[in-house]
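Undergrad: I am sharing data_20.txt, which consists of compact mmCIF, C-alpha atoms:
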```
# COMPACT_ATOMS: atom_id res chain seq x y z
CA ALA A 578 -78.25 -47.84 -10.73
CA GLY A 579 -76.47 -48.18 -7.40
CA ASP A 580 -75.61 -45.34 -5.01
CA LEU A 581 -73.73 -46.07 -1.77
CA GLY A 582 -71.49 -44.15 0.58
CA ASP A 583 -67.88 -45.28 0.97
CA GLN A 584 -68.21 -47.38 4.14
CA GLN A 585 -71.74 -48.52 3.31
CA ALA A 586 -70.41 -49.83 0.00
CA ALA A 587 -67.70 -51.76 1.85
CA LEU A 588 -70.38 -53.24 4.13
CA PHE A 589 -72.34 -54.31 1.06
CA GLY A 590 -69.21 -55.59 -0.68
CA GLN A 591 -68.41 -57.75 2.34
CA ALA A 592 -71.86 -59.34 2.02
CA CYS A 593 -72.83 -58.20 5.52
CA PHE A 594 -76.53 -58.69 4.87
CA ASP A 595 -77.67 -60.13 8.21
CA PRO A 596 -78.09 -58.38 11.58
CA GLY A 597 -74.85 -58.76 13.51
CA ASP A 598 -72.65 -58.98 10.42
CA ALA A 599 -69.78 -56.51 10.73
CA LYS A 600 -66.81 -55.29 8.72
CA ASN A 601 -63.82 -53.16 9.64
CA THR A 602 -61.81 -51.19 7.09
CA TYR A 603 -58.19 -50.62 8.10
CA GLY A 604 -56.79 -47.56 6.33
CA THR A 605 -55.19 -44.41 7.71
CA GLY A 606 -58.05 -44.70 10.20
CA CYS A 607 -60.49 -47.53 10.88
CA PHE A 608 -64.19 -47.60 10.07
CA MET A 609 -66.33 -50.37 11.48
CA LEU A 610 -69.97 -50.94 10.56
CA MET A 611 -72.37 -53.51 12.01
CA ASN A 612 -75.64 -54.41 10.30
CA THR A 613 -78.57 -53.95 12.71
CA GLY A 614 -81.27 -54.93 10.22
CA ALA A 615 -84.49 -52.94 9.87
CA GLN A 616 -84.08 -51.69 13.43
CA LEU A 617 -82.67 -48.18 13.79
CA ILE A 618 -80.70 -48.23 17.04
CA PRO A 619 -79.80 -44.82 18.50
CA SER A 620 -76.35 -45.38 19.99
CA GLN A 621 -75.84 -44.83 23.70
CA SER A 622 -72.16 -45.78 23.49
CA GLY A 623 -70.49 -43.13 21.37
CA LEU A 624 -71.24 -44.57 17.94
CA LEU A 625 -73.07 -43.25 14.89
CA THR A 626 -76.42 -44.64 13.78
CA THR A 627 -76.48 -44.71 10.00
CA ALA A 628 -78.33 -46.09 7.01
CA GLY A 629 -76.62 -49.22 5.70
CA TYR A 630 -78.41 -49.71 2.41
CA LYS A 631 -81.86 -49.87 0.83
CA ILE A 632 -82.80 -52.16 -2.06
CA GLY A 633 -85.71 -50.94 -4.17
CA SER A 634 -88.98 -50.88 -2.24
CA GLN A 635 -87.65 -53.14 0.52
CA PRO A 636 -87.28 -51.68 4.04
CA ALA A 637 -84.05 -49.81 4.73
CA VAL A 638 -81.26 -51.68 6.54
CA TYR A 639 -79.49 -49.74 9.27
CA ALA A 640 -76.06 -49.97 10.84
CA LEU A 641 -73.95 -48.80 13.74
CA GLU A 642 -70.70 -47.10 12.76
CA GLY A 643 -67.54 -46.45 14.73
CA SER A 644 -64.72 -44.26 13.40
CA ILE A 645 -61.14 -44.45 14.66
CA ALA A 646 -58.95 -41.48 13.70
CA ILE A 647 -55.44 -42.95 13.67
CA THR A 648 -54.49 -46.53 12.75
CA GLY A 649 -52.52 -46.89 9.51
CA ALA A 650 -51.56 -43.23 9.88
CA LEU A 651 -49.58 -44.25 12.97
CA VAL A 652 -47.45 -46.56 10.83
CA GLN A 653 -46.91 -43.66 8.43
CA TRP A 654 -45.87 -41.47 11.37
CA LEU A 655 -43.32 -44.06 12.45
CA ARG A 656 -41.99 -44.09 8.87
CA ASP A 657 -42.08 -40.40 8.00
CA ASN A 658 -41.57 -38.59 11.32
CA LEU A 659 -39.22 -40.97 13.13
CA GLY A 660 -37.64 -42.74 10.16
CA MET A 661 -37.77 -46.10 11.96
CA ILE A 662 -38.85 -47.94 8.79
CA GLU A 663 -38.33 -47.23 5.09
CA LYS A 664 -41.74 -48.39 3.90
CA SER A 665 -44.96 -49.23 5.70
CA ALA A 666 -44.66 -52.97 5.04
CA ASP A 667 -41.39 -53.01 7.02
CA ILE A 668 -43.27 -52.67 10.29
CA GLU A 669 -44.33 -56.33 10.38
CA PRO A 670 -40.83 -57.87 10.24
CA LEU A 671 -39.64 -55.26 12.76
CA ALA A 672 -42.51 -56.10 15.12
CA ARG A 673 -41.74 -59.81 14.74
CA THR A 674 -38.26 -59.31 16.21
CA VAL A 675 -39.90 -59.34 19.67
CA GLU A 676 -42.44 -61.69 21.24
CA ASP A 677 -44.69 -59.01 22.75
CA ASN A 678 -44.99 -55.26 23.26
CA GLY A 679 -42.55 -55.18 26.17
CA GLY A 680 -45.21 -53.66 28.38
CA ILE A 681 -45.70 -50.47 26.35
CA TYR A 682 -48.93 -49.10 24.88
CA PHE A 683 -49.12 -46.43 22.19
CA VAL A 684 -52.36 -44.43 22.25
CA PRO A 685 -52.38 -42.39 19.01
CA ALA A 686 -54.61 -39.53 20.11
CA PHE A 687 -52.79 -37.12 17.79
CA SER A 688 -55.92 -35.03 17.26
CA GLY A 689 -58.05 -36.36 20.09
CA LEU A 690 -59.91 -39.66 20.30
CA PHE A 691 -62.86 -40.60 18.09
CA ALA A 692 -65.32 -43.45 18.82
CA PRO A 693 -66.26 -44.41 21.41
CA TYR A 694 -64.69 -41.61 23.50
CA TRP A 695 -65.01 -38.41 21.43
CA ARG A 696 -62.37 -36.62 23.50
CA SER A 697 -60.94 -33.62 21.67
CA ASP A 698 -58.80 -32.83 24.72
CA ALA A 699 -56.79 -36.07 24.44
CA ARG A 700 -53.29 -36.24 22.96
CA GLY A 701 -51.03 -39.14 22.05
CA ALA A 702 -48.96 -41.03 24.60
CA ILE A 703 -46.61 -43.98 24.89
CA VAL A 704 -46.86 -45.45 28.38
CA GLY A 705 -44.99 -48.20 30.15
CA LEU A 706 -41.53 -47.26 28.84
CA THR A 707 -38.47 -48.86 30.44
CA ARG A 708 -34.84 -49.27 29.32
CA TYR A 709 -35.77 -52.77 28.15
CA VAL A 710 -37.97 -51.41 25.35
CA ASN A 711 -36.50 -51.37 21.83
CA ARG A 712 -37.58 -50.53 18.26
CA GLY A 713 -39.35 -53.85 17.87
CA HIS A 714 -41.52 -53.25 20.92
CA ILE A 715 -42.49 -49.81 19.62
CA ALA A 716 -43.37 -51.27 16.20
CA ARG A 717 -45.48 -53.95 17.86
CA ALA A 718 -47.27 -51.40 20.06
CA VAL A 719 -48.04 -49.33 16.95
CA LEU A 720 -49.76 -52.32 15.31
CA GLU A 721 -51.53 -53.38 18.47
CA ALA A 722 -53.04 -49.89 18.85
CA SER A 723 -55.27 -50.57 15.82
CA ALA A 724 -56.50 -53.83 17.32
CA PHE A 725 -57.15 -52.36 20.76
CA GLN A 726 -59.14 -49.45 19.33
CA THR A 727 -61.13 -51.87 17.18
CA ARG A 728 -62.10 -53.88 20.26
CA GLU A 729 -63.30 -50.70 21.97
CA VAL A 730 -65.60 -49.92 19.05
CA LEU A 731 -66.81 -53.51 18.82
CA GLU A 732 -67.70 -53.63 22.51
CA ALA A 733 -69.71 -50.43 22.07
CA MET A 734 -71.55 -52.03 19.14
CA GLU A 735 -72.33 -55.17 21.07
CA LYS A 736 -73.60 -53.09 23.98
CA ASP A 737 -75.88 -50.99 21.76
CA SER A 738 -77.18 -53.84 19.62
CA ALA A 739 -77.19 -56.69 22.17
CA ILE A 740 -75.72 -58.80 19.36
CA ARG A 741 -72.60 -60.90 19.91
CA LEU A 742 -70.21 -60.87 16.95
CA ASN A 743 -69.47 -64.27 15.36
CA ASN A 744 -66.61 -63.07 13.18
CA LEU A 745 -65.18 -59.84 11.82
CA LYS A 746 -64.74 -59.28 8.09
CA VAL A 747 -61.79 -57.01 7.35
CA ASP A 748 -60.48 -55.00 4.40
CA GLY A 749 -58.17 -52.10 3.66
CA GLY A 750 -54.42 -51.75 3.30
CA MET A 751 -53.46 -52.94 6.79
CA VAL A 752 -55.12 -56.35 6.41
CA ALA A 753 -52.01 -57.50 4.48
CA ASN A 754 -50.28 -57.45 7.88
CA ASN A 755 -50.66 -61.02 9.15
CA LEU A 756 -49.28 -60.22 12.60
CA LEU A 757 -51.90 -57.54 13.14
CA MET A 758 -54.72 -59.75 11.89
CA GLN A 759 -53.73 -62.60 14.23
CA PHE A 760 -53.52 -60.22 17.18
CA GLN A 761 -56.92 -58.80 16.24
CA ALA A 762 -58.46 -62.28 16.31
CA ASP A 763 -56.74 -63.01 19.64
CA LEU A 764 -57.98 -59.77 21.17
CA LEU A 765 -61.58 -60.11 19.96
CA GLY A 766 -61.86 -63.83 20.60
CA VAL A 767 -63.56 -64.40 17.23
CA PRO A 768 -62.24 -65.28 13.75
CA VAL A 769 -61.03 -62.45 11.54
CA VAL A 770 -61.83 -62.99 7.86
CA ARG A 771 -60.17 -61.34 4.87
CA PRO A 772 -61.97 -61.54 1.49
CA LYS A 773 -60.35 -62.66 -1.73
CA VAL A 774 -61.32 -59.34 -3.36
CA ALA A 775 -59.69 -56.62 -1.25
CA GLU A 776 -61.40 -53.63 -2.96
CA THR A 777 -64.66 -54.13 -1.11
CA THR A 778 -65.93 -50.59 -1.62
CA SER A 779 -65.75 -50.96 -5.40
CA LEU A 780 -67.17 -54.48 -5.13
CA GLY A 781 -70.08 -53.22 -3.03
CA ALA A 782 -70.92 -50.54 -5.60
CA ALA A 783 -70.79 -53.17 -8.34
CA TYR A 784 -72.97 -55.53 -6.32
CA ALA A 785 -75.57 -52.81 -5.77
CA ALA A 786 -75.62 -51.76 -9.43
CA GLY A 787 -75.78 -55.36 -10.61
CA LEU A 788 -78.65 -56.06 -8.23
CA ALA A 789 -80.57 -53.01 -9.46
CA LEU A 790 -80.10 -53.98 -13.10
CA GLY A 791 -81.02 -57.61 -12.58
CA TYR A 792 -77.54 -59.05 -13.20
CA TRP A 793 -77.70 -60.46 -9.68
CA PRO A 794 -81.14 -61.89 -8.82
CA ASP A 795 -80.95 -61.54 -5.03
CA LEU A 796 -78.73 -61.21 -1.96
CA ASP A 797 -78.14 -64.96 -1.82
CA SER A 798 -76.40 -64.79 -5.18
CA LEU A 799 -74.11 -62.08 -3.79
CA ARG A 800 -73.36 -64.19 -0.72
CA LYS A 801 -72.30 -67.03 -3.02
CA ASN A 802 -70.14 -64.70 -5.12
CA TRP A 803 -68.26 -63.34 -2.09
CA GLN A 804 -65.15 -65.43 -1.42
CA GLN A 805 -62.94 -65.77 1.63
CA GLY A 806 -59.26 -65.15 1.09
CA ALA A 807 -57.83 -65.86 4.55
CA GLU A 808 -58.96 -66.42 8.13
CA TRP A 809 -57.27 -66.00 11.51
CA SER A 810 -58.67 -67.85 14.53
CA PRO A 811 -57.98 -66.81 18.14
CA LYS A 812 -54.95 -68.53 19.67
CA MET A 813 -54.40 -66.47 22.82
CA GLU A 814 -56.00 -67.41 26.14
CA ARG A 815 -58.92 -65.10 26.92
CA SER A 816 -57.42 -64.24 30.31
CA GLU A 817 -54.23 -63.01 28.63
CA ALA A 818 -56.14 -61.05 25.97
CA ASN A 819 -58.30 -59.41 28.63
CA LYS A 820 -55.22 -58.52 30.69
CA LEU A 821 -53.60 -56.77 27.72
CA TYR A 822 -56.85 -54.97 26.95
CA SER A 823 -57.20 -53.83 30.56
CA GLN A 824 -53.71 -52.30 30.39
CA TRP A 825 -54.66 -50.56 27.15
CA LYS A 826 -57.72 -49.04 28.80
CA ARG A 827 -55.51 -47.69 31.58
CA ALA A 828 -53.17 -46.21 28.99
CA VAL A 829 -56.06 -44.44 27.24
CA THR A 830 -57.00 -42.61 30.44
CA ARG A 831 -53.49 -41.11 30.53
CA THR A 832 -54.25 -39.14 27.35
CA PHE A 833 -57.29 -37.29 28.72
CA ASP A 834 -57.42 -33.60 29.73
CA TRP A 835 -54.17 -32.68 27.99
CA ILE A 836 -55.66 -29.70 26.15
CA GLU A 837 -57.34 -27.23 28.48
```
Could you rewrite the structure in this file as structure tokens?
TA:
Amino acid sequence: AGDLGDQQAALFGQACFDPGDAKNTYGTGCFMLMNTGAQLIPSQSGLLTTAGYKIGSQPAVYALEGSIAITGALVQWLRDNLGMIEKSADIEPLARTVEDNGGIYFVPAFSGLFAPYWRSDARGAIVGLTRYVNRGHIARAVLEASAFQTREVLEAMEKDSAIRLNNLKVDGGMVANNLLMQFQADLLGVPVVRPKVAETTSLGAAYAAGLALGYWPDLDSLRKNWQQGAEWSPKMERSEANKLYSQWKRAVTRTFDWIE
């Protein structure tokens, strides 16, 4: 009765039914989709233009999609390759042992950079290292990398769509990390919202099937069924957030042209 792709199902399960609604799934990589309504917007900013969903004979709803290769996989790398933590959840308490990233930025271009750069010649780099930096700073930089890359994709979406994001709905394994979610809200300057039901892909498929079979009468009933689990509001001054982001952008350029 309902047939949706993985990320499209998550978009539907997050009740992102209005133009400008967006969700980001934090897994081994990140996948952000923004609803652009009935308007198909060919991206000029390194994103994918995709079908969001179609309900019966109603017009199709389109979306912009940005894929980030390495986010949660960077935490796994810290655990498995360097042995700095025993389990993935240990990264948050380790990152909380310091107040900031100590001036370092970790760009995880292990196999190049995906959206919005699409640079296969890039390779990973940690920049800004000094003798002051310790394990906590590295753990914090690992988490912050997911948030910085998310902002890059979001800015590309806002540029393509001319829509300003009001909040970002989040799901996936990494959203259990409260430190990351707060930093994401600080960096974006908008609230970050986690749903009560974390399995949004499964929920989206169930929503679509229920809608097709008449269990749910309309999208409004799905909006009412969706429930917020937690919300993080920005606390950082915009000038500070923009300064950190500017340094991240500089760090990204250091990864280019590594593979000839």
Undergrad: Looking at all atoms listed in the file, which of A:Glu776, A:Asp834, A:Glu721, A:Glu676 is the one that sits closest to Gln591 in chain A?
TA: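 Result for the nearest residue to Gln591 in chain A: A:Glu776.
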Undergrad: Out of A:Glu729, A:Asp598, A:Asp583, A:Asp677, which residue has the shortest atom-to-atom distance to Lys826 in chain A when counting all atoms listed in the file?
TA: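 Distance minimum relative to Lys826 in chain A lands on A:Glu729.
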Undergrad: Nearest to Ser723 in chain A: which of A:Thr777, A:Ser622, A:Ser644, A:Gln585 is it, counting only C-alpha atoms?
TA: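 Of A:Thr777, A:Ser622, A:Ser644, A:Gln585, the one nearest Ser723 in chain A is A:Ser644, counting only C-alpha atoms.
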Undergrad: Taking (-65.7, -63.6, 7.4) in the file's coordinates, which residues come within 10 Å, counting only C-alpha atoms, written as a ChimeraX atom specification?
TA: /A:591-593,598-600,743-747,768-772,803-809
Undergrad: Pick out the residues sitting within 12 Å of range 664-671 of chain A, and hand them over as a PyMOL selection string; count all atoms listed in the file, and ignore anything fewer than 6 positions along from it in its own chain.
TA: chain A and resi 604-605+649-657+677-678+711-721+750-759
Undergrad: Within 10 Å of range 683-686 of chain A, counting all atoms listed in the file, which residues qualify if same-chain residues fewer than 2 places away don't, as a CSV table (one decimal) with C-alpha atoms, in the coordinates of the input?
TA:
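In the end it all went to part-v9.csv:
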```csv
chain,number,residue,atom,x,y,z
A,645,ILE,CA,-61.1,-44.4,14.7
A,646,ALA,CA,-59.0,-41.5,13.7
A,647,ILE,CA,-55.4,-43.0,13.7
A,648,THR,CA,-54.5,-46.5,12.8
A,650,ALA,CA,-51.6,-43.2,9.9
A,651,LEU,CA,-49.6,-44.2,13.0
A,678,ASN,CA,-45.0,-55.3,23.3
A,681,ILE,CA,-45.7,-50.5,26.4
A,688,SER,CA,-55.9,-35.0,17.3
A,689,GLY,CA,-58.0,-36.4,20.1
A,690,LEU,CA,-59.9,-39.7,20.3
A,691,PHE,CA,-62.9,-40.6,18.1
A,696,ARG,CA,-62.4,-36.6,23.5
A,697,SER,CA,-60.9,-33.6,21.7
A,698,ASP,CA,-58.8,-32.8,24.7
A,699,ALA,CA,-56.8,-36.1,24.4
A,700,ARG,CA,-53.3,-36.2,23.0
A,701,GLY,CA,-51.0,-39.1,22.0
A,702,ALA,CA,-49.0,-41.0,24.6
A,703,ILE,CA,-46.6,-44.0,24.9
A,704,VAL,CA,-46.9,-45.4,28.4
A,705,GLY,CA,-45.0,-48.2,30.2
A,715,ILE,CA,-42.5,-49.8,19.6
A,716,ALA,CA,-43.4,-51.3,16.2
A,717,ARG,CA,-45.5,-54.0,17.9
A,718,ALA,CA,-47.3,-51.4,20.1
A,719,VAL,CA,-48.0,-49.3,17.0
A,720,LEU,CA,-49.8,-52.3,15.3
A,721,GLU,CA,-51.5,-53.4,18.5
A,722,ALA,CA,-53.0,-49.9,18.8
A,723,SER,CA,-55.3,-50.6,15.8
A,725,PHE,CA,-57.2,-52.4,20.8
A,726,GLN,CA,-59.1,-49.4,19.3
A,825,TRP,CA,-54.7,-50.6,27.2
A,826,LYS,CA,-57.7,-49.0,28.8
A,828,ALA,CA,-53.2,-46.2,29.0
A,829,VAL,CA,-56.1,-44.4,27.2
A,830,THR,CA,-57.0,-42.6,30.4
A,831,ARG,CA,-53.5,-41.1,30.5
A,832,THR,CA,-54.2,-39.1,27.4
A,833,PHE,CA,-57.3,-37.3,28.7
```
Undergrad: Select, from A:Leu625, A:Ala786, A:Leu641, A:Leu742, the residue with the minimum atom-to-atom distance to Gly590 in chain A, counting all atoms listed in the file.
TA: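 Closest to Gly590 in chain A of all the choices is A:Ala786.
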Undergrad: Quick check, in Å to one decimal: how far apart do CA of Arg708 in chain A and CA of Glu663 in chain A lie?
TA: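 For CA of Arg708 in chain A relative to CA of Glu663 in chain A, the distance reads 24.6 Å.
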Undergrad: Name all residues at most 9 Å from range 779-784 of chain A (count only C-alpha atoms; drop same-chain ones fewer than 3 positions away) and give them as a list in words.
TA: Gly579, Asp580, Leu581, Gly582, Asp583, Gln585, Ala586, Ala587, Leu588, Phe589, Gly590, Gln591, Ala592, Val774, Ala775, Glu776, Gly787, Leu788, Ala789, Tyr792, Trp793 and Leu799 of chain A
Undergrad: Record the distance separating CA of Val710 in chain A and CA of Lys820 in chain A, expressed in Å with one decimal.
TA: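 So the answer is 19.4 Å.
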Undergrad: For each of A:Met813, A:Leu706, A:Leu731, A:Leu790, take the minimum atom-to-atom distance to Met611 in chain A, counting all atoms listed in the file, then give the residue where this is smallest.
TA: A:Leu731
Undergrad: Quick one: range 578-593 of chain A with N, CA and C atoms, as a short mmCIF file (atom, residue, chain, number, x, y, z; two decimals), keeping the file's coordinate frame?
TA:
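Just written: part.cif:
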```cif
data_model
loop_
_atom_site.label_atom_id
_atom_site.label_comp_id
_atom_site.auth_asym_id
_atom_site.auth_seq_id
_atom_site.Cartn_x
_atom_site.Cartn_y
_atom_site.Cartn_z
N ALA A 578 -77.39 -46.76 -11.21
CA ALA A 578 -78.25 -47.84 -10.73
C ALA A 578 -78.03 -48.13 -9.25
N GLY A 579 -76.80 -47.95 -8.80
CA GLY A 579 -76.47 -48.18 -7.40
C GLY A 579 -75.78 -46.96 -6.82
N ASP A 580 -76.18 -46.54 -5.63
CA ASP A 580 -75.61 -45.34 -5.01
C ASP A 580 -75.36 -45.63 -3.54
N LEU A 581 -74.09 -45.74 -3.16
CA LEU A 581 -73.73 -46.07 -1.77
C LEU A 581 -72.59 -45.18 -1.29
N GLY A 582 -72.62 -44.84 -0.02
CA GLY A 582 -71.49 -44.15 0.58
C GLY A 582 -70.29 -45.08 0.68
N ASP A 583 -69.13 -44.53 0.94
CA ASP A 583 -67.88 -45.28 0.97
C ASP A 583 -67.95 -46.50 1.89
N GLN A 584 -68.21 -46.28 3.17
CA GLN A 584 -68.21 -47.38 4.14
C GLN A 584 -69.44 -48.28 3.98
N GLN A 585 -70.55 -47.71 3.56
CA GLN A 585 -71.74 -48.52 3.31
C GLN A 585 -71.50 -49.47 2.13
N ALA A 586 -70.76 -48.98 1.13
CA ALA A 586 -70.41 -49.83 0.00
C ALA A 586 -69.51 -50.98 0.43
N ALA A 587 -68.58 -50.69 1.33
CA ALA A 587 -67.70 -51.76 1.85
C ALA A 587 -68.51 -52.78 2.63
N LEU A 588 -69.50 -52.33 3.40
CA LEU A 588 -70.38 -53.24 4.13
C LEU A 588 -71.11 -54.15 3.15
N PHE A 589 -71.61 -53.56 2.08
CA PHE A 589 -72.34 -54.31 1.06
C PHE A 589 -71.39 -55.26 0.32
N GLY A 590 -70.18 -54.78 0.02
CA GLY A 590 -69.21 -55.59 -0.68
C GLY A 590 -68.67 -56.75 0.14
N GLN A 591 -68.80 -56.65 1.46
CA GLN A 591 -68.41 -57.75 2.34
C GLN A 591 -69.57 -58.71 2.60
N ALA A 592 -70.67 -58.49 1.90
CA ALA A 592 -71.86 -59.34 2.02
C ALA A 592 -72.36 -59.41 3.46
N CYS A 593 -72.33 -58.28 4.14
CA CYS A 593 -72.83 -58.20 5.52
C CYS A 593 -74.33 -57.89 5.47
#
```
